[in-house]
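Here's protein06.txt, which has compact mmCIF, C-alpha atoms:
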# COMPACT_ATOMS: atom_id res chain seq x y z
CA MET A 1 -6.56 -66.51 -31.85
CA GLY A 2 -2.84 -65.90 -32.36
CA ILE A 3 -1.21 -65.40 -35.71
CA THR A 4 0.73 -67.42 -38.28
CA ARG A 5 3.18 -65.81 -40.69
CA LYS A 6 4.86 -67.54 -43.63
CA VAL A 7 8.03 -66.60 -45.48
CA ARG A 8 8.41 -68.34 -48.84
CA ILE A 9 11.81 -69.93 -49.52
CA PRO A 10 12.88 -69.30 -53.16
CA SER A 11 14.60 -71.96 -55.25
CA GLY A 12 18.37 -72.05 -54.84
CA VAL A 13 18.13 -71.16 -51.15
CA ASN A 14 18.62 -73.77 -48.45
CA VAL A 15 17.08 -73.11 -45.02
CA THR A 16 17.56 -75.21 -41.89
CA LEU A 17 16.23 -74.71 -38.37
CA GLU A 18 18.03 -76.45 -35.49
CA GLY A 19 16.87 -75.46 -32.04
CA GLY A 20 16.52 -71.72 -32.39
CA LEU A 21 19.27 -71.25 -34.98
CA LEU A 22 18.05 -70.31 -38.45
CA THR A 23 20.64 -71.03 -41.15
CA VAL A 24 20.09 -69.62 -44.64
CA SER A 25 22.45 -70.59 -47.48
CA GLY A 26 22.32 -69.22 -51.00
CA PRO A 27 24.41 -68.24 -54.01
CA LYS A 28 26.12 -65.32 -52.21
CA GLY A 29 26.89 -67.03 -48.91
CA ARG A 30 25.51 -68.29 -45.61
CA LEU A 31 23.89 -66.49 -42.67
CA ILE A 32 23.13 -67.86 -39.19
CA ARG A 33 20.87 -66.16 -36.67
CA ASP A 34 19.41 -67.13 -33.30
CA ILE A 35 15.68 -66.41 -33.55
CA ARG A 36 14.35 -68.05 -30.40
CA PHE A 37 11.62 -66.23 -28.51
CA PRO A 38 9.25 -67.52 -25.81
CA GLN A 39 5.72 -68.51 -26.95
CA ILE A 40 6.67 -68.19 -30.63
CA ASP A 41 6.95 -71.43 -32.60
CA LEU A 42 9.18 -71.75 -35.66
CA GLY A 43 9.15 -74.41 -38.34
CA ILE A 44 9.74 -75.20 -41.99
CA GLU A 45 6.78 -76.59 -43.96
CA ASP A 46 6.02 -76.80 -47.70
CA GLY A 47 8.89 -74.53 -48.78
CA CYS A 48 8.03 -71.85 -46.21
CA ILE A 49 9.40 -70.68 -42.88
CA VAL A 50 6.39 -70.70 -40.53
CA ILE A 51 6.34 -68.31 -37.55
CA SER A 52 3.34 -68.74 -35.28
CA THR A 53 2.13 -67.73 -31.84
CA ALA A 54 -0.96 -68.77 -29.91
CA SER A 55 -0.95 -65.58 -27.86
CA ASP A 56 -2.94 -62.44 -28.70
CA LYS A 57 -0.66 -60.19 -26.65
CA LYS A 58 0.80 -57.25 -28.53
CA ARG A 59 4.37 -58.16 -27.54
CA PHE A 60 4.24 -61.60 -29.19
CA LEU A 61 2.40 -60.36 -32.29
CA ALA A 62 5.03 -57.65 -32.77
CA MET A 63 7.92 -60.06 -32.21
CA SER A 64 6.51 -62.54 -34.74
CA GLY A 65 6.57 -59.72 -37.30
CA THR A 66 10.16 -58.91 -36.35
CA LEU A 67 11.24 -62.53 -36.79
CA GLU A 68 9.46 -62.62 -40.18
CA ALA A 69 11.37 -59.50 -41.26
CA HIS A 70 14.69 -61.04 -40.11
CA ALA A 71 13.99 -64.20 -42.12
CA LYS A 72 13.08 -62.18 -45.25
CA ASN A 73 16.22 -60.03 -44.90
CA MET A 74 18.42 -63.13 -44.54
CA ILE A 75 16.89 -64.71 -47.66
CA ARG A 76 17.26 -61.51 -49.70
CA GLY A 77 20.84 -61.12 -48.44
CA VAL A 78 22.02 -64.55 -49.64
CA VAL A 79 20.25 -64.12 -53.01
CA GLU A 80 20.89 -60.46 -53.91
CA GLY A 81 23.04 -58.95 -51.15
CA TYR A 82 22.84 -55.39 -49.83
CA GLU A 83 24.63 -52.27 -51.03
CA TYR A 84 24.85 -48.81 -49.48
CA ARG A 85 26.28 -45.82 -51.33
CA MET A 86 27.78 -42.89 -49.46
CA LYS A 87 28.86 -39.48 -50.76
CA VAL A 88 32.01 -37.71 -49.54
CA VAL A 89 31.23 -33.99 -49.09
CA TYR A 90 33.82 -31.30 -48.39
CA SER A 91 34.20 -27.60 -49.14
CA HIS A 92 37.65 -26.44 -47.97
CA PHE A 93 39.81 -29.40 -47.00
CA PRO A 94 39.78 -32.42 -49.34
CA ILE A 95 39.03 -35.58 -47.35
CA GLN A 96 41.39 -38.53 -47.96
CA LEU A 97 40.17 -42.05 -47.30
CA LYS A 98 42.36 -45.12 -46.69
CA LEU A 99 41.30 -48.73 -46.11
CA GLN A 100 43.42 -50.46 -43.48
CA GLY A 101 42.19 -53.96 -42.72
CA ASP A 102 38.93 -53.73 -40.78
CA ARG A 103 38.93 -49.93 -40.49
CA LEU A 104 38.50 -46.90 -42.72
CA GLU A 105 40.87 -44.04 -41.98
CA ILE A 106 39.54 -40.54 -42.71
CA ASN A 107 42.41 -38.04 -43.09
CA ASN A 108 42.37 -34.23 -43.38
CA PHE A 109 38.73 -33.96 -42.22
CA LEU A 110 38.16 -30.21 -41.66
CA GLY A 111 41.96 -29.84 -41.73
CA GLU A 112 42.45 -31.97 -38.60
CA LYS A 113 45.89 -33.48 -38.11
CA GLN A 114 44.64 -36.66 -36.38
CA PRO A 115 42.85 -39.17 -38.62
CA ARG A 116 39.33 -40.25 -37.74
CA VAL A 117 38.62 -43.99 -37.81
CA ALA A 118 35.47 -45.95 -38.67
CA LYS A 119 35.16 -49.67 -37.92
CA ILE A 120 34.24 -52.00 -40.80
CA LEU A 121 32.34 -55.04 -39.53
CA GLU A 122 33.23 -58.61 -40.50
CA GLY A 123 31.73 -59.84 -43.77
CA VAL A 124 31.32 -56.34 -45.21
CA THR A 125 33.19 -55.09 -48.29
CA VAL A 126 34.05 -51.40 -48.68
CA ARG A 127 35.11 -49.94 -52.03
CA LEU A 128 36.38 -46.39 -52.42
CA GLY A 129 35.50 -44.43 -55.54
CA ASN A 130 35.96 -40.82 -56.55
CA ASP A 131 34.11 -38.97 -53.74
CA GLU A 132 32.04 -42.10 -53.14
CA VAL A 133 32.12 -45.03 -50.71
CA ILE A 134 30.29 -48.26 -51.64
CA ILE A 135 29.51 -50.73 -48.85
CA SER A 136 28.23 -54.20 -49.70
CA GLY A 137 27.57 -57.52 -48.00
CA ILE A 138 24.96 -60.21 -47.37
CA ASP A 139 24.01 -59.24 -43.79
CA LYS A 140 21.72 -56.19 -43.85
CA GLU A 141 22.46 -55.34 -40.22
CA LYS A 142 26.25 -55.36 -40.62
CA VAL A 143 26.16 -53.35 -43.87
CA GLY A 144 23.90 -50.73 -42.24
CA ASN A 145 26.01 -50.57 -39.07
CA THR A 146 29.22 -50.11 -41.08
CA ALA A 147 27.60 -47.24 -43.02
CA ALA A 148 26.46 -45.72 -39.71
CA ASN A 149 30.00 -46.06 -38.28
CA ILE A 150 31.44 -44.16 -41.24
CA GLU A 151 28.76 -41.47 -41.07
CA HIS A 152 29.23 -41.12 -37.30
CA ALA A 153 33.04 -40.84 -37.63
CA THR A 154 32.60 -37.61 -39.60
CA LYS A 155 30.07 -36.04 -37.24
CA ILE A 156 30.79 -32.35 -36.68
CA THR A 157 30.69 -30.98 -33.12
CA LYS A 158 31.36 -27.45 -31.81
CA ARG A 159 30.65 -25.94 -35.24
CA ASP A 160 27.50 -24.80 -37.01
CA PRO A 161 26.33 -27.76 -39.18
CA ARG A 162 24.57 -25.35 -41.57
CA VAL A 163 27.93 -23.78 -42.44
CA PHE A 164 30.24 -26.80 -42.11
CA GLN A 165 28.44 -29.47 -44.12
CA ASP A 166 31.53 -31.62 -44.60
CA GLY A 167 31.24 -35.35 -43.98
CA ILE A 168 30.42 -38.72 -45.49
CA TYR A 169 26.66 -39.21 -45.89
CA ILE A 170 24.45 -42.16 -46.86
CA THR A 171 22.80 -41.40 -50.22
CA GLU A 172 21.43 -44.82 -51.24
CA ARG A 173 20.30 -47.85 -49.25
CA ALA A 174 19.54 -51.45 -50.21
In structure tokens, how does this file's structure come out?
Amino acid sequence: MGITRKVRIPSGVNVTLEGGLLTVSGPKGRLIRDIRFPQIDLGIEDGCIVISTASDKKRFLAMSGTLEAHAKNMIRGVVEGYEYRMKVVYSHFPIQLKLQGDRLEINNFLGEKQPRVAKILEGVTVRLGNDEVIISGIDKEKVGNTAANIEHATKITKRDPRVFQDGIYITERA
């Protein structure tokens, strides 16, 4: 009846649970996330984060798995961090990239005069290489969303995507 999931806490990582706030601290930084959910109990026992539910309903079993995945991602983030690599692809007009605070400016995309802008989320580092963009951080969600923002900023509309394959595309995750 119900299910219990355990996430092992590695050495060098400090985890606290106050109310529904899970705080994970490690060598790379600190992450805080609200992981409260009705009928799901959370606790820390014997060097493990314990996620349990007494219900057999599909909704609660699925959500306990989601909370387990969030906890694992937070632990991996503060220990190793996450890095996405993106490739800049163009055929006719060379794309110029400029970092300006919390945004990435994409100039000369398909010869357009107006720059396109992608938002860089807080806590995420963006490095520009030669036809490459490297995004890194400790929060998997923010790193992925920043990569998606950049990819979405170079989305081509009103043209045949088989012919105009210009853009900035995710090539490597994790």
Spatial neighbours of Gly26 (chain A), 9 Å, only C-alpha atoms, chain gap at least 2 places, as JSON, numbers by chain: {"A": [12, 13, 14, 15, 24, 28, 29, 30, 31, 75, 77, 78, 79]}
Using only C-alpha atoms, which residues sit within 9 Å of Ser91 (chain A) once same-chain residues fewer than 6 positions away are excluded, as a list in words? Leu110, Phe164, Gln165 and Asp166 of chain A
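Using all atoms listed in the file, the nearest neighbour of Ala153 (chain A) within the list A:Ile120, A:Ile44, A:Ile106, A:Ala62 is A:Ile106.
The smallest atom-to-atom distance between Thr53 (chain A) and any of A:Met1, A:Ile150, A:Leu97, A:Ala118, using all atoms listed in the file, is found for A:Met1.
Distance check against Pro10 (chain A) using all atoms listed in the file: of A:Asp41, A:Asp46, A:Asp56, A:Asp139, the minimum falls on A:Asp46.
For the set A:Arg36, A:Arg76, A:Lys98, A:Arg5, the residue with the smallest atom-to-atom gap to Ile49 (chain A) is A:Arg5, counting all atoms listed in the file.
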One number please: CA of Ile40 (chain A) to CA of Gly144 (chain A), in Å, one decimal. 27.1 Å
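Here CA of Lys119 (chain A) is placed at a distance of 12.4 Å from CA of Thr154 (chain A).
Among the candidate residues A:Ile35, A:Lys6, A:Pro115, A:Met63, the one lying nearest to Cys48 (chain A) is A:Lys6, with distances computed using all atoms listed in the file.
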Write out as a JSON list (two decimals) with C-alpha atoms, in the coordinates of the input each polymer residue whose atoms come within 12 Å of Ala148 (chain A), counting only C-alpha atoms; drop sequence neighbours fewer than 4 positions from it.
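result_33.json, freshly written:
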[["chain", "number", "residue", "atom", "x", "y", "z"],
["A", 84, "TYR", "CA", 24.85, -48.81, -49.48],
["A", 85, "ARG", "CA", 26.28, -45.82, -51.33],
["A", 86, "MET", "CA", 27.78, -42.89, -49.46],
["A", 118, "ALA", "CA", 35.47, -45.95, -38.67],
["A", 119, "LYS", "CA", 35.16, -49.67, -37.92],
["A", 120, "ILE", "CA", 34.24, -52.00, -40.80],
["A", 121, "LEU", "CA", 32.34, -55.04, -39.53],
["A", 135, "ILE", "CA", 29.51, -50.73, -48.85],
["A", 141, "GLU", "CA", 22.46, -55.34, -40.22],
["A", 142, "LYS", "CA", 26.25, -55.36, -40.62],
["A", 143, "VAL", "CA", 26.16, -53.35, -43.87],
["A", 144, "GLY", "CA", 23.90, -50.73, -42.24],
["A", 152, "HIS", "CA", 29.23, -41.12, -37.30],
["A", 153, "ALA", "CA", 33.04, -40.84, -37.63],
["A", 154, "THR", "CA", 32.60, -37.61, -39.60],
["A", 155, "LYS", "CA", 30.07, -36.04, -37.24],
["A", 168, "ILE", "CA", 30.42, -38.72, -45.49],
["A", 169, "TYR", "CA", 26.66, -39.21, -45.89],
["A", 170, "ILE", "CA", 24.45, -42.16, -46.86],
["A", 171, "THR", "CA", 22.80, -41.40, -50.22],
["A", 173, "ARG", "CA", 20.30, -47.85, -49.25]]
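Interatomic distance, CA of His92 (chain A) against CA of Glu105 (chain A): 18.9 Å.
Restricting the calculation to all atoms listed in the file, the smallest distance between Asn73 (chain A) and any of A:Arg159, A:Val133, A:Ala174, A:Glu18 is found for A:Ala174.
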Edge lengths and centre in Å, axis-aligned, region 87-101 of chain A plus 6 Å each side, as AutoDock Vina command-line options:
--center_x 36.1 --center_y -40.2 --center_z -46.7 --size_x 26.6 --size_y 39.5 --size_z 20.0
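By chain and then residue number, the residues within 10 Å of region 59-61 of chain A are Gly2, Ile3, Thr4, Phe37, Pro38, Gln39, Ile40, Ser52, Thr53, Ala54, Ser55, Asp56, Lys57, Met63, Ser64, Gly65 and Thr66 of chain A, counting all atoms listed in the file and disregarding those fewer than 2 positions away in sequence.
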Output the selection as a tab-separated table (two decimals), in the coordinates of the input - C-alpha atoms for each residue.
chain	number	residue	atom	x	y	z
A	2	GLY	CA	-2.84	-65.90	-32.36
A	3	ILE	CA	-1.21	-65.40	-35.71
A	4	THR	CA	0.73	-67.42	-38.28
A	37	PHE	CA	11.62	-66.23	-28.51
A	38	PRO	CA	9.25	-67.52	-25.81
A	39	GLN	CA	5.72	-68.51	-26.95
A	40	ILE	CA	6.67	-68.19	-30.63
A	52	SER	CA	3.34	-68.74	-35.28
A	53	THR	CA	2.13	-67.73	-31.84
A	54	ALA	CA	-0.96	-68.77	-29.91
A	55	SER	CA	-0.95	-65.58	-27.86
A	56	ASP	CA	-2.94	-62.44	-28.70
A	57	LYS	CA	-0.66	-60.19	-26.65
A	63	MET	CA	7.92	-60.06	-32.21
A	64	SER	CA	6.51	-62.54	-34.74
A	65	GLY	CA	6.57	-59.72	-37.30
A	66	THR	CA	10.16	-58.91	-36.35
Kindly extract all protein, DNA and RNA residues lying within 12 Å of the coordinates (37.6, -39.6, -56.7) given in the file, considering only C-alpha atoms, and supply them as a PDB file with C-alpha atoms, in the frame of the given file.
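Below is the file that was written, selection-v8.pdb:
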ATOM      1  CA  LYS A  87      28.860 -39.480 -50.760  1.00  0.00           C
ATOM      2  CA  VAL A  88      32.010 -37.710 -49.540  1.00  0.00           C
ATOM      3  CA  VAL A  89      31.230 -33.990 -49.090  1.00  0.00           C
ATOM      4  CA  PRO A  94      39.780 -32.420 -49.340  1.00  0.00           C
ATOM      5  CA  ILE A  95      39.030 -35.580 -47.350  1.00  0.00           C
ATOM      6  CA  GLN A  96      41.390 -38.530 -47.960  1.00  0.00           C
ATOM      7  CA  LEU A  97      40.170 -42.050 -47.300  1.00  0.00           C
ATOM      8  CA  ARG A 127      35.110 -49.940 -52.030  1.00  0.00           C
ATOM      9  CA  LEU A 128      36.380 -46.390 -52.420  1.00  0.00           C
ATOM     10  CA  GLY A 129      35.500 -44.430 -55.540  1.00  0.00           C
ATOM     11  CA  ASN A 130      35.960 -40.820 -56.550  1.00  0.00           C
ATOM     12  CA  ASP A 131      34.110 -38.970 -53.740  1.00  0.00           C
ATOM     13  CA  GLU A 132      32.040 -42.100 -53.140  1.00  0.00           C
ATOM     14  CA  VAL A 133      32.120 -45.030 -50.710  1.00  0.00           C
TER      15      VAL A 133
END
